[in-house]
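data14.pdb (PDB, C-alpha atoms and all ligand atoms)
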ATOM      1  CA  MET X   1      -9.227   3.789 -25.605
ATOM      2  CA  GLN X   2      -7.563   7.011 -26.780
ATOM      3  CA  GLY X   3      -3.980   7.609 -27.909
ATOM      4  CA  LYS X   4      -1.739  10.590 -27.009
ATOM      5  CA  ASP X   5      -3.332  12.809 -29.670
ATOM      6  CA  GLY X   6      -6.874  11.806 -28.795
ATOM      7  CA  GLU X   7      -7.156   9.340 -31.677
ATOM      8  CA  GLN X   8      -9.213   6.195 -31.125
ATOM      9  CA  LEU X   9      -7.125   3.022 -30.583
ATOM     10  CA  THR X  10      -8.712  -0.371 -31.144
ATOM     11  CA  LEU X  11      -7.214  -3.665 -29.985
ATOM     12  CA  ASP X  12      -6.882  -6.577 -32.373
ATOM     13  CA  LEU X  13      -8.617  -9.339 -30.441
ATOM     14  CA  ASP X  14      -6.892 -11.974 -32.595
ATOM     15  CA  ASN X  15      -3.471 -10.848 -31.401
ATOM     16  CA  ILE X  16      -3.758 -10.629 -27.636
ATOM     17  CA  PRO X  17      -0.528 -11.518 -25.784
ATOM     18  CA  LYS X  18      -0.994 -14.929 -24.160
ATOM     19  CA  HIS X  19       1.143 -14.141 -21.148
ATOM     20  CA  ILE X  20       1.717 -10.674 -19.694
ATOM     21  CA  ALA X  21       4.135 -10.022 -16.837
ATOM     22  CA  ILE X  22       4.005  -6.802 -14.833
ATOM     23  CA  ILE X  23       6.469  -5.083 -12.508
ATOM     24  CA  MET X  24       4.036  -3.055 -10.419
ATOM     25  CA  ASP X  25       6.186  -0.078  -9.451
ATOM     26  CA  GLY X  26       5.605   3.392  -8.039
ATOM     27  CA  ASN X  27       3.371   2.722  -5.031
ATOM     28  CA  GLY X  28       5.726   4.540  -2.667
ATOM     29  CA  ARG X  29       6.083   7.609  -4.894
ATOM     30  CA  TRP X  30       2.331   7.715  -5.480
ATOM     31  CA  ALA X  31       1.795   7.858  -1.708
ATOM     32  CA  LYS X  32       4.585  10.397  -1.122
ATOM     33  CA  LYS X  33       3.106  12.738  -3.704
ATOM     34  CA  ARG X  34      -0.081  12.765  -1.641
ATOM     35  CA  GLY X  35       1.663  13.106   1.739
ATOM     36  CA  LEU X  36       0.573   9.574   2.675
ATOM     37  CA  PRO X  37       2.596   6.708   4.193
ATOM     38  CA  ARG X  38       4.135   4.275   1.667
ATOM     39  CA  VAL X  39       1.732   1.526   2.690
ATOM     40  CA  ALA X  40      -1.183   3.654   1.463
ATOM     41  CA  GLY X  41       0.390   3.290  -1.977
ATOM     42  CA  HIS X  42       0.439  -0.495  -1.633
ATOM     43  CA  ARG X  43      -3.216  -0.467  -0.584
ATOM     44  CA  ALA X  44      -4.108   1.616  -3.623
ATOM     45  CA  GLY X  45      -1.978  -0.754  -5.722
ATOM     46  CA  MET X  46      -4.132  -3.650  -4.604
ATOM     47  CA  LYS X  47      -7.158  -1.998  -6.245
ATOM     48  CA  THR X  48      -5.181  -1.759  -9.476
ATOM     49  CA  VAL X  49      -4.471  -5.502  -9.243
ATOM     50  CA  LYS X  50      -8.243  -6.085  -9.234
ATOM     51  CA  GLU X  51      -8.835  -3.770 -12.181
ATOM     52  CA  ILE X  52      -6.030  -5.182 -14.324
ATOM     53  CA  THR X  53      -6.987  -8.790 -13.569
ATOM     54  CA  ARG X  54     -10.500  -8.064 -14.873
ATOM     55  CA  ALA X  55      -9.165  -6.130 -17.849
ATOM     56  CA  ALA X  56      -6.863  -9.029 -18.786
ATOM     57  CA  ASP X  57      -9.593 -11.607 -18.379
ATOM     58  CA  ASP X  58     -12.040  -9.565 -20.472
ATOM     59  CA  ILE X  59      -9.841  -9.702 -23.574
ATOM     60  CA  GLY X  60      -8.736 -13.332 -23.227
ATOM     61  CA  VAL X  61      -5.190 -13.033 -21.824
ATOM     62  CA  LYS X  62      -4.205 -16.562 -20.723
ATOM     63  CA  ALA X  63      -1.711 -15.715 -17.970
ATOM     64  CA  LEU X  64      -0.919 -12.623 -15.925
ATOM     65  CA  THR X  65       2.174 -12.654 -13.715
ATOM     66  CA  LEU X  66       2.460  -9.871 -11.143
ATOM     67  CA  TYR X  67       5.665  -9.038  -9.258
ATOM     68  CA  ALA X  68       4.270  -8.504  -5.763
ATOM     69  CA  PHE X  69       7.385  -9.063  -3.602
ATOM     70  CA  SER X  70      10.975  -9.660  -4.622
ATOM     71  CA  THR X  71      13.733 -11.511  -2.776
ATOM     72  CA  GLU X  72      15.318  -8.058  -2.328
ATOM     73  CA  ASN X  73      12.197  -6.467  -0.781
ATOM     74  CA  TRP X  74      13.052  -7.975   2.633
ATOM     75  CA  LYS X  75      15.482  -5.031   2.987
ATOM     76  CA  ARG X  76      12.531  -2.636   3.397
ATOM     77  CA  PRO X  77      11.424  -1.396   6.851
ATOM     78  CA  LYS X  78       9.870  -4.170   8.953
ATOM     79  CA  ASP X  79       6.420  -2.522   9.044
ATOM     80  CA  GLU X  80       6.295  -2.218   5.270
ATOM     81  CA  VAL X  81       7.363  -5.859   4.776
ATOM     82  CA  GLU X  82       4.678  -6.988   7.189
ATOM     83  CA  TYR X  83       2.081  -4.882   5.367
ATOM     84  CA  LEU X  84       3.063  -6.327   2.000
ATOM     85  CA  MET X  85       2.919  -9.851   3.406
ATOM     86  CA  ARG X  86      -0.649  -9.238   4.631
ATOM     87  CA  LEU X  87      -1.862  -8.049   1.238
ATOM     88  CA  PRO X  88      -2.319 -11.447  -0.466
ATOM     89  CA  GLN X  89      -4.476 -12.568   2.476
ATOM     90  CA  GLU X  90      -6.549  -9.404   2.361
ATOM     91  CA  TYR X  91      -6.849  -9.425  -1.402
ATOM     92  CA  LEU X  92      -7.918 -13.052  -1.511
ATOM     93  CA  LEU X  93     -10.363 -12.625   1.359
ATOM     94  CA  THR X  94     -12.339 -10.089  -0.638
ATOM     95  CA  GLU X  95     -11.607 -11.338  -4.163
ATOM     96  CA  LEU X  96     -11.399 -15.127  -4.073
ATOM     97  CA  LYS X  97     -15.144 -15.614  -4.499
ATOM     98  CA  GLU X  98     -15.177 -13.490  -7.608
ATOM     99  CA  LEU X  99     -11.988 -15.085  -8.964
ATOM    100  CA  ILE X 100     -13.636 -18.500  -8.611
ATOM    101  CA  GLU X 101     -16.749 -17.224 -10.433
ATOM    102  CA  GLN X 102     -14.536 -15.742 -13.150
ATOM    103  CA  ASN X 103     -12.885 -19.173 -13.652
ATOM    104  CA  VAL X 104      -9.469 -17.674 -12.738
ATOM    105  CA  GLN X 105      -6.711 -20.016 -11.585
ATOM    106  CA  VAL X 106      -4.484 -18.524  -8.862
ATOM    107  CA  ARG X 107      -0.833 -19.585  -8.723
ATOM    108  CA  MET X 108       2.335 -18.404  -7.070
ATOM    109  CA  LEU X 109       5.934 -18.306  -8.149
ATOM    110  CA  GLY X 110       8.749 -17.741  -5.727
ATOM    111  CA  ASN X 111      10.367 -19.276  -2.704
ATOM    112  CA  LYS X 112       7.682 -20.251  -0.190
ATOM    113  CA  ASP X 113      10.137 -21.018   2.614
ATOM    114  CA  GLN X 114      10.584 -17.550   4.132
ATOM    115  CA  LEU X 115       6.981 -16.423   3.747
ATOM    116  CA  PRO X 116       4.911 -15.998   6.942
ATOM    117  CA  ASP X 117       2.301 -18.700   7.598
ATOM    118  CA  TYR X 118      -0.636 -16.348   7.020
ATOM    119  CA  THR X 119       0.656 -15.397   3.568
ATOM    120  CA  ILE X 120       1.349 -18.920   2.414
ATOM    121  CA  LYS X 121      -1.921 -20.207   3.879
ATOM    122  CA  ALA X 122      -3.941 -17.642   1.911
ATOM    123  CA  VAL X 123      -2.121 -18.392  -1.337
ATOM    124  CA  LEU X 124      -2.322 -22.187  -0.927
ATOM    125  CA  GLU X 125      -6.027 -21.982  -0.157
ATOM    126  CA  ALA X 126      -6.619 -19.874  -3.272
ATOM    127  CA  GLN X 127      -4.516 -22.283  -5.348
ATOM    128  CA  GLU X 128      -6.439 -25.272  -4.059
ATOM    129  CA  LYS X 129      -9.878 -23.692  -4.597
ATOM    130  CA  THR X 130      -9.064 -22.573  -8.129
ATOM    131  CA  LYS X 131      -6.858 -25.423  -9.326
ATOM    132  CA  ASN X 132      -9.471 -26.825 -11.710
ATOM    133  CA  ASN X 133     -10.374 -23.428 -13.189
ATOM    134  CA  THR X 134      -9.581 -23.114 -16.858
ATOM    135  CA  GLY X 135      -9.630 -19.339 -17.399
ATOM    136  CA  LEU X 136      -6.968 -16.704 -16.746
ATOM    137  CA  ILE X 137      -3.930 -17.901 -14.760
ATOM    138  CA  LEU X 138      -3.191 -15.239 -12.153
ATOM    139  CA  ASN X 139       0.344 -15.756 -10.998
ATOM    140  CA  PHE X 140       1.692 -13.865  -7.989
ATOM    141  CA  ALA X 141       5.461 -13.561  -7.814
ATOM    142  CA  LEU X 142       6.069 -13.532  -4.068
ATOM    143  CA  ASN X 143       9.529 -13.726  -2.563
ATOM    144  CA  TYR X 144      10.599 -14.161  -6.155
ATOM    145  CA  GLY X 145      14.038 -13.512  -7.610
ATOM    146  CA  SER X 146      15.084 -14.708 -11.013
ATOM    147  CA  ARG X 147      18.649 -15.558 -10.025
ATOM    148  CA  ASP X 148      17.339 -17.501  -7.062
ATOM    149  CA  GLU X 149      14.950 -19.366  -9.390
ATOM    150  CA  MET X 150      17.745 -20.186 -11.854
ATOM    151  CA  LEU X 151      20.077 -21.390  -9.084
ATOM    152  CA  HIS X 152      17.309 -23.642  -7.817
ATOM    153  CA  ALA X 153      16.853 -25.086 -11.316
ATOM    154  CA  ILE X 154      20.608 -25.581 -11.781
ATOM    155  CA  ARG X 155      20.873 -27.379  -8.437
ATOM    156  CA  CYS X 156      17.990 -29.712  -9.410
ATOM    157  CA  ILE X 157      19.686 -30.470 -12.733
ATOM    158  CA  ALA X 158      23.071 -31.059 -11.049
ATOM    159  CA  ASP X 159      21.378 -33.468  -8.701
ATOM    160  CA  GLU X 160      19.812 -35.396 -11.609
ATOM    161  CA  VAL X 161      23.232 -35.632 -13.281
ATOM    162  CA  LYS X 162      24.883 -36.732 -10.038
ATOM    163  CA  LYS X 163      22.305 -39.473  -9.570
ATOM    164  CA  GLY X 164      22.875 -40.635 -13.137
ATOM    165  CA  ASN X 165      19.344 -39.709 -14.258
ATOM    166  CA  LEU X 166      20.504 -37.104 -16.788
ATOM    167  CA  ASP X 167      23.492 -36.869 -19.180
ATOM    168  CA  VAL X 168      25.409 -33.614 -19.489
ATOM    169  CA  GLU X 169      24.076 -33.444 -23.087
ATOM    170  CA  GLY X 170      20.582 -33.588 -21.591
ATOM    171  CA  ILE X 171      21.091 -30.149 -20.001
ATOM    172  CA  THR X 172      18.966 -28.294 -22.519
ATOM    173  CA  GLU X 173      16.661 -25.290 -22.416
ATOM    174  CA  LYS X 174      13.774 -27.727 -21.946
ATOM    175  CA  ALA X 175      15.524 -29.342 -18.974
ATOM    176  CA  MET X 176      16.064 -25.916 -17.416
ATOM    177  CA  GLU X 177      12.451 -24.900 -18.002
ATOM    178  CA  ARG X 178      11.214 -28.048 -16.270
ATOM    179  CA  HIS X 179      12.733 -26.738 -13.066
ATOM    180  CA  LEU X 180      11.717 -23.087 -13.240
ATOM    181  CA  PHE X 181       8.738 -21.896 -11.198
ATOM    182  CA  THR X 182       6.971 -21.113 -14.474
ATOM    183  CA  VAL X 183       6.965 -24.744 -15.633
ATOM    184  CA  GLY X 184       4.050 -25.308 -18.014
ATOM    185  CA  LEU X 185       3.517 -21.586 -18.728
ATOM    186  CA  PRO X 186       4.473 -19.955 -22.015
ATOM    187  CA  ASP X 187       7.128 -17.213 -21.752
ATOM    188  CA  PRO X 188       5.639 -13.730 -21.369
ATOM    189  CA  ASP X 189       4.930 -12.050 -24.715
ATOM    190  CA  LEU X 190       4.853  -8.678 -23.029
ATOM    191  CA  LEU X 191       6.472  -7.212 -19.936
ATOM    192  CA  ILE X 192       5.068  -4.002 -18.507
ATOM    193  CA  ARG X 193       6.840  -1.912 -15.879
ATOM    194  CA  THR X 194       5.104   1.119 -14.421
ATOM    195  CA  SER X 195       6.435   4.315 -12.803
ATOM    196  CA  GLY X 196       9.067   5.307 -15.358
ATOM    197  CA  GLU X 197      11.794   2.953 -14.108
ATOM    198  CA  VAL X 198      13.526   1.162 -16.964
ATOM    199  CA  ARG X 199      15.069  -2.043 -15.616
ATOM    200  CA  LEU X 200      14.188  -5.668 -14.968
ATOM    201  CA  SER X 201      15.095  -5.875 -11.257
ATOM    202  CA  ASN X 202      15.792  -9.614 -11.217
ATOM    203  CA  PHE X 203      12.377 -10.478 -12.692
ATOM    204  CA  MET X 204      11.943 -13.494 -15.012
ATOM    205  CA  LEU X 205      15.344 -13.016 -16.659
ATOM    206  CA  TRP X 206      15.213 -16.412 -18.382
ATOM    207  CA  GLN X 207      11.577 -16.145 -19.455
ATOM    208  CA  LEU X 208      11.802 -12.570 -20.785
ATOM    209  CA  ALA X 209      14.511 -13.391 -23.348
ATOM    210  CA  TYR X 210      12.240 -12.576 -26.316
ATOM    211  CA  SER X 211       9.447 -10.601 -24.660
ATOM    212  CA  GLU X 212       8.438  -7.157 -25.792
ATOM    213  CA  LEU X 213       9.179  -4.600 -23.068
ATOM    214  CA  TYR X 214       6.857  -1.684 -22.344
ATOM    215  CA  PHE X 215       7.618   1.044 -19.819
ATOM    216  CA  SER X 216       4.835   3.297 -18.596
ATOM    217  CA  GLU X 217       5.396   6.585 -16.775
ATOM    218  CA  VAL X 218       2.248   6.034 -14.697
ATOM    219  CA  TYR X 219       2.588   4.964 -11.041
ATOM    220  CA  TRP X 220       1.020   1.557 -10.396
ATOM    221  CA  PRO X 221      -1.921   2.878  -8.288
ATOM    222  CA  ASP X 222      -2.891   5.147 -11.220
ATOM    223  CA  PHE X 223      -2.405   2.457 -13.844
ATOM    224  CA  ASN X 224      -5.781   1.374 -15.175
ATOM    225  CA  ARG X 225      -7.606  -0.555 -17.883
ATOM    226  CA  ASP X 226      -6.950   2.124 -20.498
ATOM    227  CA  GLU X 227      -3.214   2.293 -19.771
ATOM    228  CA  PHE X 228      -3.062  -1.509 -19.843
ATOM    229  CA  TYR X 229      -4.796  -1.693 -23.208
ATOM    230  CA  LYS X 230      -2.449   1.027 -24.535
ATOM    231  CA  ALA X 231       0.494  -1.239 -23.679
ATOM    232  CA  ILE X 232      -1.166  -4.108 -25.542
ATOM    233  CA  TYR X 233      -1.912  -1.820 -28.480
ATOM    234  CA  GLU X 234       1.754  -0.915 -28.700
ATOM    235  CA  TYR X 235       2.706  -4.601 -28.437
ATOM    236  CA  GLN X 236       0.422  -5.331 -31.389
ATOM    237  CA  HIS X 237       2.330  -2.800 -33.470
ATOM    238  CA  ARG X 238       5.767  -4.216 -32.713
ATOM    239  CA  ASN X 239       7.545  -6.525 -35.107
ATOM    240  CA  ARG X 240       8.611  -9.654 -33.194
ATOM    241  CA  ARG X 241      11.527 -11.313 -34.922
ATOM    242  CA  TYR X 242      12.985 -13.650 -32.276
ATOM    243  CA  GLY X 243      16.495 -13.017 -33.636
ATOM    244  CA  GLY X 244      15.417 -13.642 -37.256
ATOM    245  CA  VAL X 245      14.860 -11.031 -39.968
TER     246      VAL X 245
HETATM  247  C1  LIG X 301       6.821  -1.417  -5.895
HETATM  248  O1  LIG X 301       6.537  -0.103  -5.575
HETATM  249  C2  LIG X 301       5.763  -2.267  -5.395
HETATM  250  C3  LIG X 301       5.929  -3.303  -4.535
HETATM  251  C4  LIG X 301       7.215  -3.721  -3.990
HETATM  252  C5  LIG X 301       4.778  -4.053  -4.052
HETATM  253  C6  LIG X 301       3.740  -4.330  -5.060
HETATM  254  C7  LIG X 301       2.521  -4.777  -4.409
HETATM  255  C8  LIG X 301       1.279  -4.387  -4.765
HETATM  256  C9  LIG X 301       0.994  -3.518  -5.916
HETATM  257  C10 LIG X 301       0.124  -4.887  -4.069
HETATM  258  C11 LIG X 301       0.073  -6.363  -4.255
HETATM  259  C12 LIG X 301      -1.229  -6.869  -4.146
HETATM  260  C13 LIG X 301      -1.486  -8.166  -3.968
HETATM  261  C14 LIG X 301      -2.849  -8.589  -4.147
HETATM  262  C15 LIG X 301      -0.464  -9.163  -3.579
HETATM  263  P1  LIG X 301       7.522   0.687  -4.631
HETATM  264  O2  LIG X 301       7.051   0.536  -3.229
HETATM  265  O3  LIG X 301       8.918   0.219  -4.870
HETATM  266  O4  LIG X 301       7.325   2.151  -5.144
HETATM  267  P2  LIG X 301       8.436   3.301  -5.219
HETATM  268  O5  LIG X 301       9.456   2.819  -6.193
HETATM  269  O6  LIG X 301       7.654   4.461  -5.710
HETATM  270  O7  LIG X 301       8.960   3.471  -3.845
END

Produce structure tokens that represent the structure in this file.
Amino acid sequence: MQGKDGEQLTLDLDNIPKHIAIIMDGNGRWAKKRGLPRVAGHRAGMKTVKEITRAADDIGVKALTLYAFSTENWKRPKDEVEYLMRLPQEYLLTELKELIEQNVQVRMLGNKDQLPDYTIKAVLEAQEKTKNNTGLILNFALNYGSRDEMLHAIRCIADEVKKGNLDVEGITEKAMERHLFTVGLPDPDLLIRTSGEVRLSNFMLWQLAYSELYFSEVYWPDFNRDEFYKAIYEYQHRNRRYGGV
């Protein structure tokens, strides 16, 4: 991979982030620039999902979490919402075989309740068929909102306290993490957001507390293996202090 000035950049394979989270942004603008409907951007974005999943797996990333649909995305036009809801089914129809061969484990985080049957069916089938795989964990955030996730966790904890199963002193970070959708996963080491937007948009607010943040100007459909490895290269040159010195 090449840097801005054409110099050769090499990744340190002993310092690969274990968990990478990505806000895949810029599909709509990518399409608009080409005079295409917004959904054409989402279709192109699906190809990038394939490429980045392979790129992550190739260098030994343990978990990749992709923000595919937020709790706020329901406000989009009905046709676009329907299109986005069909994508997991379409993606898994063509990719599941290869994901199984690649030893990838598919998971989902988010609120399943409002998702259409065809979306949830596709995701559950992929989860079931890959549950014993031990390679990359590919986590789709679907109907996901961090505040929603935290409220859910707080309600579960309140219920445990009410039933007398937990003391108030037992409300610790660990207790909270037991009830987040990411239970069992390490926090992301690196968050990538594409398309030049510089915000978190209600994504993994608890889990990103100490993550390195990387913002790329590239629209998601144009994001590729090289851009992804550039983000990891930059991560490897950051000094993570976790509040220490
Ligand atoms: C943000 O771009 C993107 C989304 C809301 C959807 C992301 C979905 C994909 C990349 C495809 C998902 C694929 C699978 C397999 C589930 P935007 O539409 O907000 O772009 P804009 O900011 O340029 O309008």

Fill in: Nearby residues, ligand LIG 301 (chain X), 9 Å, all atoms listed in the file, as a count of residues only
46

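The gap separating atom CA of Tyr210 of chain X from atom CA of Tyr242 of chain X is 6.1 Å, in Å to one decimal.
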
Item to complete: Spell out the residues picked by the PyMOL selection byres (((chain X and resi 152) around 12) and not hetatm) here, as a ChimeraX atom specification.
Response: /X:110-111,144-151,153-159,176-181

Mind telling me what the PyMOL selection byres (((chain X and resi 240) around 9) and not hetatm) catches here, as a CSV table (one decimal) with C-alpha atoms, keeping the file's coordinate frame?
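Final output, saved to expr.csv:
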chain,number,residue,atom,x,y,z
X,210,TYR,CA,12.2,-12.6,-26.3
X,211,SER,CA,9.4,-10.6,-24.7
X,212,GLU,CA,8.4,-7.2,-25.8
X,238,ARG,CA,5.8,-4.2,-32.7
X,239,ASN,CA,7.5,-6.5,-35.1
X,241,ARG,CA,11.5,-11.3,-34.9
X,242,TYR,CA,13.0,-13.6,-32.3
X,243,GLY,CA,16.5,-13.0,-33.6
X,244,GLY,CA,15.4,-13.6,-37.3

Item to complete: Taking (1.5, 0.1, -30.2) in the file's own coordinates, collect the residues within 12 Å, counting only C-alpha atoms, and hand them back as an MDAnalysis selection string.
Response: chainID X and resid 2:4 9:12 190 212:214 227:239

Find the residues around Asn103 of chain X up to 9 Å (all atoms listed in the file counted), leave out those fewer than 4 positions away in its own chain, and share them as an mmCIF file with C-alpha atoms, keeping the file's coordinate frame.
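Once everything was written out, this is around.cif:
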data_model
loop_
_atom_site.group_PDB
_atom_site.id
_atom_site.type_symbol
_atom_site.label_atom_id
_atom_site.label_comp_id
_atom_site.auth_asym_id
_atom_site.auth_seq_id
_atom_site.Cartn_x
_atom_site.Cartn_y
_atom_site.Cartn_z
ATOM 1 C CA GLU X 98 -15.177 -13.490 -7.608
ATOM 2 C CA LEU X 99 -11.988 -15.085 -8.964
ATOM 3 C CA THR X 130 -9.064 -22.573 -8.129
ATOM 4 C CA ASN X 132 -9.471 -26.825 -11.710
ATOM 5 C CA ASN X 133 -10.374 -23.428 -13.189
ATOM 6 C CA THR X 134 -9.581 -23.114 -16.858
ATOM 7 C CA GLY X 135 -9.630 -19.339 -17.399
ATOM 8 C CA LEU X 136 -6.968 -16.704 -16.746
#

Applied to the shown file, which residues does the PyMOL selection byres (((chain X and resi 192) around 6) and not hetatm) return, written as a tab-separated table (two decimals) with C-alpha atoms, in the frame of the given file?
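Writing done, so here's selection-v1.tsv:
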chain	number	residue	atom	x	y	z
X	22	ILE	CA	4.00	-6.80	-14.83
X	191	LEU	CA	6.47	-7.21	-19.94
X	193	ARG	CA	6.84	-1.91	-15.88
X	214	TYR	CA	6.86	-1.68	-22.34
X	215	PHE	CA	7.62	1.04	-19.82

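Remark: for Leu115 of chain X, the closest of the candidate residues X:Asn139, X:Gln127, X:Thr71, X:Gln102 is X:Thr71 (distances computed over all atoms listed in the file).
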
Discussion item. Calculated over only C-alpha atoms, which of the candidates X:Val168, X:Ala63, X:Ile120, X:Val198 has the smallest distance to Lys18 of chain X?
Written reply: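 For Lys18 of chain X, the nearest of the given residues is X:Ala63.
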
Worksheet entry | Separation of atom CA of Leu93 of chain X from atom CA of Val81 of chain X in Å |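 Distance reported for this atom pair: 19.3 Å.
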
Worksheet item: If you measure from atom CA of Gln114 of chain X to atom CA of Leu96 of chain X, what distance in Å do you get, rounded to one decimal?
Response: 23.6 Å

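Between Gly196 of chain X and the residues X:Val218, X:Val123, X:Met1, X:Ile100, the shortest atom-to-atom distance, using only C-alpha atoms, involves X:Val218.
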
Fill in: Top pick for closest residue to Glu101 of chain X, considering X:Lys129, X:Asp226, X:Leu36, X:Thr172 and counting only C-alpha atoms
X:Lys129

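Using all atoms listed in the file, the shortest contact distance between Leu64 of chain X and any of X:Thr182, X:Thr119, X:Ser216, X:Asn224 is found at X:Thr182.
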
Filled-in N, CA and C atoms of segment 22-38 of chain X, supplied as a short mmCIF file (atom, residue, chain, number, x, y, z; two decimals), keeping the file's coordinate frame:
data_model
loop_
_atom_site.label_atom_id
_atom_site.label_comp_id
_atom_site.auth_asym_id
_atom_site.auth_seq_id
_atom_site.Cartn_x
_atom_site.Cartn_y
_atom_site.Cartn_z
N ILE X 22 4.00 -8.23 -15.22
CA ILE X 22 4.00 -6.80 -14.83
C ILE X 22 4.86 -6.56 -13.59
N ILE X 23 5.75 -5.57 -13.69
CA ILE X 23 6.47 -5.08 -12.51
C ILE X 23 5.67 -3.87 -12.02
N MET X 24 4.97 -4.07 -10.92
CA MET X 24 4.04 -3.06 -10.42
C MET X 24 4.84 -2.07 -9.58
N ASP X 25 5.26 -0.97 -10.16
CA ASP X 25 6.19 -0.08 -9.45
C ASP X 25 5.58 1.31 -9.29
N GLY X 26 6.00 1.98 -8.23
CA GLY X 26 5.60 3.39 -8.04
C GLY X 26 4.60 3.61 -6.91
N ASN X 27 4.33 2.56 -6.14
CA ASN X 27 3.37 2.72 -5.03
C ASN X 27 3.86 3.75 -4.01
N GLY X 28 5.15 3.64 -3.68
CA GLY X 28 5.73 4.54 -2.67
C GLY X 28 5.68 5.99 -3.13
N ARG X 29 6.06 6.23 -4.38
CA ARG X 29 6.08 7.61 -4.89
C ARG X 29 4.66 8.16 -5.02
N TRP X 30 3.74 7.30 -5.39
CA TRP X 30 2.33 7.72 -5.48
C TRP X 30 1.86 8.23 -4.12
N ALA X 31 2.22 7.49 -3.06
CA ALA X 31 1.80 7.86 -1.71
C ALA X 31 2.50 9.15 -1.27
N LYS X 32 3.80 9.23 -1.55
CA LYS X 32 4.58 10.40 -1.12
C LYS X 32 4.02 11.68 -1.74
N LYS X 33 3.65 11.58 -3.00
CA LYS X 33 3.11 12.74 -3.70
C LYS X 33 1.85 13.27 -3.02
N ARG X 34 1.16 12.38 -2.32
CA ARG X 34 -0.08 12.76 -1.64
C ARG X 34 0.12 12.99 -0.14
N GLY X 35 1.38 12.93 0.31
CA GLY X 35 1.66 13.11 1.74
C GLY X 35 1.17 11.94 2.57
N LEU X 36 1.08 10.76 1.97
CA LEU X 36 0.57 9.57 2.68
C LEU X 36 1.73 8.61 2.98
N PRO X 37 1.55 7.71 3.95
CA PRO X 37 2.60 6.71 4.19
C PRO X 37 2.71 5.75 3.00
N ARG X 38 3.89 5.16 2.82
CA ARG X 38 4.14 4.28 1.67
C ARG X 38 3.09 3.16 1.56
#
